[in-house]
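Report on one structure; see the data block that follows.
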Amino acid sequence: MDKGSLILPKSFPELKNDTFLRAARGEEIEHIPVWCMRQAGRYLPEFREFRAGKDFFETCRSPEDCCELTLQPLRRFPFDAAIIFSDILVVPQAMGMEVQMSPGKGPTFPEPLKEPEDLQRLKTKVDVSSELDYVFKAITLTRHKIEGKVPLIGFTGAPWTLMSYMIEGGGSVTHSKAKRWLYRYPEASHKLLSQLTDVIVEYLLGQVKAGAQALQVFESHTGCLGPVEFKEFSLPYLRDIAGRVKDKIKESGLDNVPMIVFAKDGHYGLEDLSESGYEVVGLDWTIDPCSARVRTGGKVSLQGNMDPCALYSTKERISEIVKRMLEGFGTKGYIANLGHGLYPDMDPENVGAFVEAVHTHSRQLLNRK
């Protein structure tokens with residue numbers, strides 16, 4: 001197969017391990033599937049070596065680089081899913097905002113949105129197929145290169161999380177600048193959130209057309225909202241995304257793909273999230289597995305939620321923590337993951353111990369049934 005044909009979304013290799021997809025749909029499995037947020041990341045020496053000296057967003061715009069970084073963790077660990085290497089901030093870039101990745105500081109917007117009139121700087125109509133074509137090419141290329149080993153997950157940031165970055169100008173502890181908009185400029189806030197939603201819907205649809213077999217929506221900044229603000233400025237847009245993407249997938253004659261919503265620190269909204277149109281609700285480590293099962297009432301599959309810092313402990317301790325977590329969630333409709341992404345200073349061997357513990361303990365639990 002020549003290089004050009006690799007970027008055509010057709011004749012993908014047959015999927016050999018569909019455990020992740022079956023668990024997302026609540027179907028029977030032989031073992032609990034496991035993957036990690038940020039599994040393609042700086043904790044891997046080969047990742048650091050590959051990325052050395054390269055601009056972050058230039059890497060994101062290279063389908064070949066994104067493919068290689070997506071595949072790296074699969075060469076080391078028997079993960080049950082891969083997530084395409086990219087970044088949530090490619091969406092604000094597509095809308096006309098400049099974003100830089102500053103060493104030691106993270107993402108930076110040189111000219112963040114300060115007042116409602118700044119919304120005029122954003123593109124009113126975004127040609128997603130053109131602006132984010134490099135992500136779609138990366139997904140198609142990776143679907144071929146992954147050779148059906150595991151499913152490939154596409155993703156996006158959620159509207160509120162992206163809005164926060166666009167106004168704060170980068171990461172924030174308080175998100176006070178963005179929250180100022182919610183309280184002082186609710187109309188302009190809804191306008192921006194709606195604009196973001198429109199782009200995100202097309203972006204996710206494009207990812208499915210390119211070959212993504214599941215989608216995750218990251219609402220990473222839920223924790224800075226109270227329940228009232230969450231219900232006004234986050235939840236309606238999360239629902240809208242799920243509903244519109246599913247409708248468009250159906251209209252396009254594509255196969256339905258499971259969708260995951262991950263609202264970090266959004267424990268107060270668990271019931272609402274379980275009724276928001278997603279097949280899977282991702283959980284951080286602040287939620288008790290048994291409680292999550294009760295509160296979601298069997299409406300959705302669950303994903304998570306081991307504290308990433310547990311990976312700093314011994315392999316024996318990791319195994320014990322995993323066993324307790326699996327017993328709490330049960331084996332049906334469950335995908336093992338961390339409650340947040342892997343940190344750069346984590347030992348790859350401990351990541352391997354986590355994956356192995358999930359597979360070993362879940363097989364034992366399923367054999368007892």
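So you can find residues: chains in the structure tokens are A, B, ... in the order shown, residues in each start at 1, and ligands are numbered from 1 in order.
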Task: All residues 6 Å or closer to Ile335 (chain A), only C-alpha atoms, same chain fewer than 3 positions away omitted, as a PyMOL selection string - done: chain A and resi 33-34+303
Those selected residues, please, written with N, CA, C and O atoms and delivered as a PDB file, in the first residue's frame.
ATOM      1  N   PRO A  33     -11.897  -3.912  29.439  1.00  0.00           N
ATOM      2  CA  PRO A  33     -10.934  -3.167  28.609  1.00  0.00           C
ATOM      3  C   PRO A  33     -10.305  -2.027  29.398  1.00  0.00           C
ATOM      4  O   PRO A  33     -10.899  -1.491  30.334  1.00  0.00           O
ATOM      5  N   VAL A  34      -9.110  -1.645  28.979  1.00  0.00           N
ATOM      6  CA  VAL A  34      -8.396  -0.568  29.668  1.00  0.00           C
ATOM      7  C   VAL A  34      -7.626   0.278  28.666  1.00  0.00           C
ATOM      8  O   VAL A  34      -7.057  -0.234  27.706  1.00  0.00           O
ATOM      9  N   GLN A 303     -16.577   4.792  32.914  1.00  0.00           N
ATOM     10  CA  GLN A 303     -15.152   4.709  32.590  1.00  0.00           C
ATOM     11  C   GLN A 303     -14.345   5.427  33.666  1.00  0.00           C
ATOM     12  O   GLN A 303     -14.691   6.511  34.090  1.00  0.00           O
TER      13      GLN A 303
END
Region 152-165 of chain A environment, 6 Å, only C-alpha atoms, sequence neighbours closer than 5 positions dropped, as an mmCIF file with C-alpha atoms, in the first residue's frame:
data_model
loop_
_atom_site.group_PDB
_atom_site.id
_atom_site.type_symbol
_atom_site.label_atom_id
_atom_site.label_comp_id
_atom_site.auth_asym_id
_atom_site.auth_seq_id
_atom_site.Cartn_x
_atom_site.Cartn_y
_atom_site.Cartn_z
ATOM 1 C CA ALA A 82 -5.908 3.997 21.248
ATOM 2 C CA ILE A 83 -6.720 7.700 21.285
ATOM 3 C CA ILE A 84 -5.481 9.854 18.436
ATOM 4 C CA ILE A 88 -8.259 20.145 22.269
ATOM 5 C CA GLY A 170 -4.045 29.567 29.077
ATOM 6 C CA ALA A 178 -13.934 33.123 32.056
ATOM 7 C CA LEU A 193 -20.597 28.449 23.484
ATOM 8 C CA LEU A 196 -17.960 26.393 19.618
ATOM 9 C CA ALA A 212 -12.695 7.178 14.502
ATOM 10 C CA GLN A 213 -14.513 4.262 16.160
ATOM 11 C CA ALA A 214 -15.463 6.113 19.358
ATOM 12 C CA LEU A 215 -15.502 9.749 20.494
ATOM 13 C CA GLN A 216 -14.649 11.376 23.813
ATOM 14 C CA VAL A 217 -15.706 14.884 24.835
ATOM 15 C CA PHE A 218 -13.427 16.426 27.482
ATOM 16 C CA GLU A 219 -15.163 18.888 29.803
ATOM 17 C CA SER A 220 -11.983 19.361 31.811
ATOM 18 C CA HIS A 221 -13.040 22.521 33.648
ATOM 19 C CA SER A 234 -22.101 23.297 30.159
#
- [ ] Fewer than 4 positions away in the same chain doesn't count, so skip those; otherwise give me all residues within 12 Å of region 359-368 of chain A, counting only C-alpha atoms, as number ranges by chain.
- [x] A: 19, 28-35, 77-80, 318-332, 334-336, 352-355
Open item on the list: So that I can see what lies close to region 287-295 of chain A, please list as a PyMOL selection string the residues with an atom at most 7 Å from it, counting only C-alpha atoms and leaving out residues fewer than 2 positions away in the same chain.
Closed with: chain A and resi 267+270-271+283-285+297-298+325+328-329
TODO: For Gly282 (chain A), please output as a list in words all residues within 6 Å (counting only C-alpha atoms; exclusion window: fewer than 4 positions along the same chain).
DONE: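 Non-adjacent residues within range: Val261, Phe262, Leu302, Gln303 and Gly304 of chain A.
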Restricting it to N, CA and C atoms, dump the selection as a PDB file, in the first residue's frame.
ATOM      1  N   VAL A 261     -18.526  11.057  27.600  1.00  0.00           N
ATOM      2  CA  VAL A 261     -18.397  12.404  28.155  1.00  0.00           C
ATOM      3  C   VAL A 261     -17.580  12.304  29.443  1.00  0.00           C
ATOM      4  N   PHE A 262     -16.548  13.129  29.533  1.00  0.00           N
ATOM      5  CA  PHE A 262     -15.709  13.147  30.729  1.00  0.00           C
ATOM      6  C   PHE A 262     -15.723  14.561  31.300  1.00  0.00           C
ATOM      7  N   LEU A 302     -19.683   3.031  32.419  1.00  0.00           N
ATOM      8  CA  LEU A 302     -18.826   3.957  33.166  1.00  0.00           C
ATOM      9  C   LEU A 302     -17.364   3.722  32.802  1.00  0.00           C
ATOM     10  N   GLN A 303     -16.577   4.792  32.914  1.00  0.00           N
ATOM     11  CA  GLN A 303     -15.152   4.709  32.590  1.00  0.00           C
ATOM     12  C   GLN A 303     -14.345   5.427  33.666  1.00  0.00           C
ATOM     13  N   GLY A 304     -13.259   4.816  34.094  1.00  0.00           N
ATOM     14  CA  GLY A 304     -12.389   5.449  35.083  1.00  0.00           C
ATOM     15  C   GLY A 304     -11.960   4.438  36.124  1.00  0.00           C
TER      16      GLY A 304
END
- [ ] Could you give me, as a list of chain:residue names, each residue of region 3-232 of chain A that DSSP assigns to strand (DSSP E or B) when run on this structure's backbone?
- [x]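 The strand (DSSP E or B) subset of region 3-232 of chain A is A:Val34, A:Ala82, A:Ile83, A:Gln100, A:Met101, A:Ser102, A:Gly106, A:Pro107, A:Thr108, A:Leu152, A:Ile153, A:Gly154, A:Phe155, A:Thr156, A:Gly157, A:Gly170, A:Ala214, A:Leu215, A:Gln216, A:Val217, A:Phe218, A:Glu219.
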Restricting the output to C-alpha atoms, write the selected residues as a PDB file, in the first residue's frame.
ATOM      1  CA  VAL A  34      -8.396  -0.568  29.668  1.00  0.00           C
ATOM      2  CA  ALA A  82      -5.908   3.997  21.248  1.00  0.00           C
ATOM      3  CA  ILE A  83      -6.720   7.700  21.285  1.00  0.00           C
ATOM      4  CA  GLN A 100       1.320  28.672  21.308  1.00  0.00           C
ATOM      5  CA  MET A 101       2.709  25.859  23.442  1.00  0.00           C
ATOM      6  CA  SER A 102       5.228  27.427  25.801  1.00  0.00           C
ATOM      7  CA  GLY A 106       1.690  25.042  28.596  1.00  0.00           C
ATOM      8  CA  PRO A 107      -0.776  26.498  26.090  1.00  0.00           C
ATOM      9  CA  THR A 108      -0.786  30.289  25.720  1.00  0.00           C
ATOM     10  CA  LEU A 152      -9.240   4.279  17.653  1.00  0.00           C
ATOM     11  CA  ILE A 153     -10.843   7.033  19.729  1.00  0.00           C
ATOM     12  CA  GLY A 154     -11.302  10.581  18.432  1.00  0.00           C
ATOM     13  CA  PHE A 155     -11.904  13.491  20.779  1.00  0.00           C
ATOM     14  CA  THR A 156     -12.632  17.153  21.368  1.00  0.00           C
ATOM     15  CA  GLY A 157     -12.697  19.642  24.175  1.00  0.00           C
ATOM     16  CA  GLY A 170      -4.045  29.567  29.077  1.00  0.00           C
ATOM     17  CA  ALA A 214     -15.463   6.113  19.358  1.00  0.00           C
ATOM     18  CA  LEU A 215     -15.502   9.749  20.494  1.00  0.00           C
ATOM     19  CA  GLN A 216     -14.649  11.376  23.813  1.00  0.00           C
ATOM     20  CA  VAL A 217     -15.706  14.884  24.835  1.00  0.00           C
ATOM     21  CA  PHE A 218     -13.427  16.426  27.482  1.00  0.00           C
ATOM     22  CA  GLU A 219     -15.163  18.888  29.803  1.00  0.00           C
TER      23      GLU A 219
END
Task: Pick from A:Lys209, A:His340, A:Arg61, A:Lys149, whichever lies nearest to Asn17 (chain A) using only C-alpha atoms - done: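 Among the listed residues, the smallest separation from Asn17 (chain A) belongs to A:Lys149.
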TODO: Work out how far apart CA of Gln93 (chain A) and CA of Ala263 (chain A) are and give it in Å to one decimal.
DONE: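 Between these atoms lies a distance of 22.5 Å.
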Task: Nearest to Arg25 (chain A), chosen from A:Pro348, A:Pro258, A:Gly269, A:Gly169, with only C-alpha atoms counted in the distances - done: A:Pro258
Open item on the list: My list of candidates is A:Leu205, A:Ala210, A:Met95, A:Leu225. Which is closest to Met166 (chain A) when distances are computed with only C-alpha atoms?
Closed with: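 Checking each of A:Leu205, A:Ala210, A:Met95, A:Leu225 against Met166 (chain A), counting only C-alpha atoms, the winner is A:Met95.
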- [ ] Going by DSSP on the backbone, which bits of region 29-205 of chain A are alpha helix (DSSP H)? Write them as a ChimeraX atom specification, please.
- [x] /A:45-51,56-60,63-76,90-94,128-131,133-145,159-168,176-184,186-205
Task: Between CA of Ser86 (chain A) and CA of Glu275 (chain A), distance in Å (one decimal) - done: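 The value is 28.1 Å.
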TODO: Considering only C-alpha atoms, state which residue in the set A:Cys66, A:His175, A:Leu204, A:Arg48 is at the smallest distance from Val91 (chain A).
DONE: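 Of A:Cys66, A:His175, A:Leu204, A:Arg48, the one nearest Val91 (chain A), counting only C-alpha atoms, is A:Leu204.
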Task: Contacts of Ser194 (chain A) at 9 Å (only C-alpha atoms; same-chain gap of 5+ positions) as JSON, numbers by chain - done: {"A": [159, 189, 199, 237]}
Please, could you write that set of residues out with N, CA and C atoms as a PDB file, in the first residue's frame?
ATOM      1  N   PRO A 159     -17.388  22.760  24.875  1.00  0.00           N
ATOM      2  CA  PRO A 159     -17.468  24.216  24.701  1.00  0.00           C
ATOM      3  C   PRO A 159     -17.011  25.037  25.904  1.00  0.00           C
ATOM      4  N   SER A 189     -21.701  34.913  26.395  1.00  0.00           N
ATOM      5  CA  SER A 189     -21.186  33.589  26.745  1.00  0.00           C
ATOM      6  C   SER A 189     -21.918  32.502  25.964  1.00  0.00           C
ATOM      7  N   VAL A 199     -18.874  24.178  15.653  1.00  0.00           N
ATOM      8  CA  VAL A 199     -17.604  23.689  15.113  1.00  0.00           C
ATOM      9  C   VAL A 199     -17.326  22.281  15.626  1.00  0.00           C
ATOM     10  N   TYR A 237     -24.962  22.215  26.205  1.00  0.00           N
ATOM     11  CA  TYR A 237     -24.093  22.099  25.028  1.00  0.00           C
ATOM     12  C   TYR A 237     -23.539  20.673  24.893  1.00  0.00           C
TER      13      TYR A 237
END
Task: Non-local contacts of Ser276 (chain A) (8 Å; only C-alpha atoms; under 6 positions in same chain excluded) as a PyMOL selection string - done: chain A and resi 235+238-239+242
Pull C-alpha atoms from the residues just selected and write them as an mmCIF file, in the first residue's frame.
data_model
loop_
_atom_site.group_PDB
_atom_site.id
_atom_site.type_symbol
_atom_site.label_atom_id
_atom_site.label_comp_id
_atom_site.auth_asym_id
_atom_site.auth_seq_id
_atom_site.Cartn_x
_atom_site.Cartn_y
_atom_site.Cartn_z
ATOM 1 C CA LEU A 235 -24.753 20.587 30.215
ATOM 2 C CA LEU A 238 -22.857 18.625 25.978
ATOM 3 C CA ARG A 239 -26.365 17.311 25.246
ATOM 4 C CA ALA A 242 -24.289 14.216 21.498
#
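Take CA of Thr197 (chain A) and CA of Ile241 (chain A): the distance between them is 6.6 Å.
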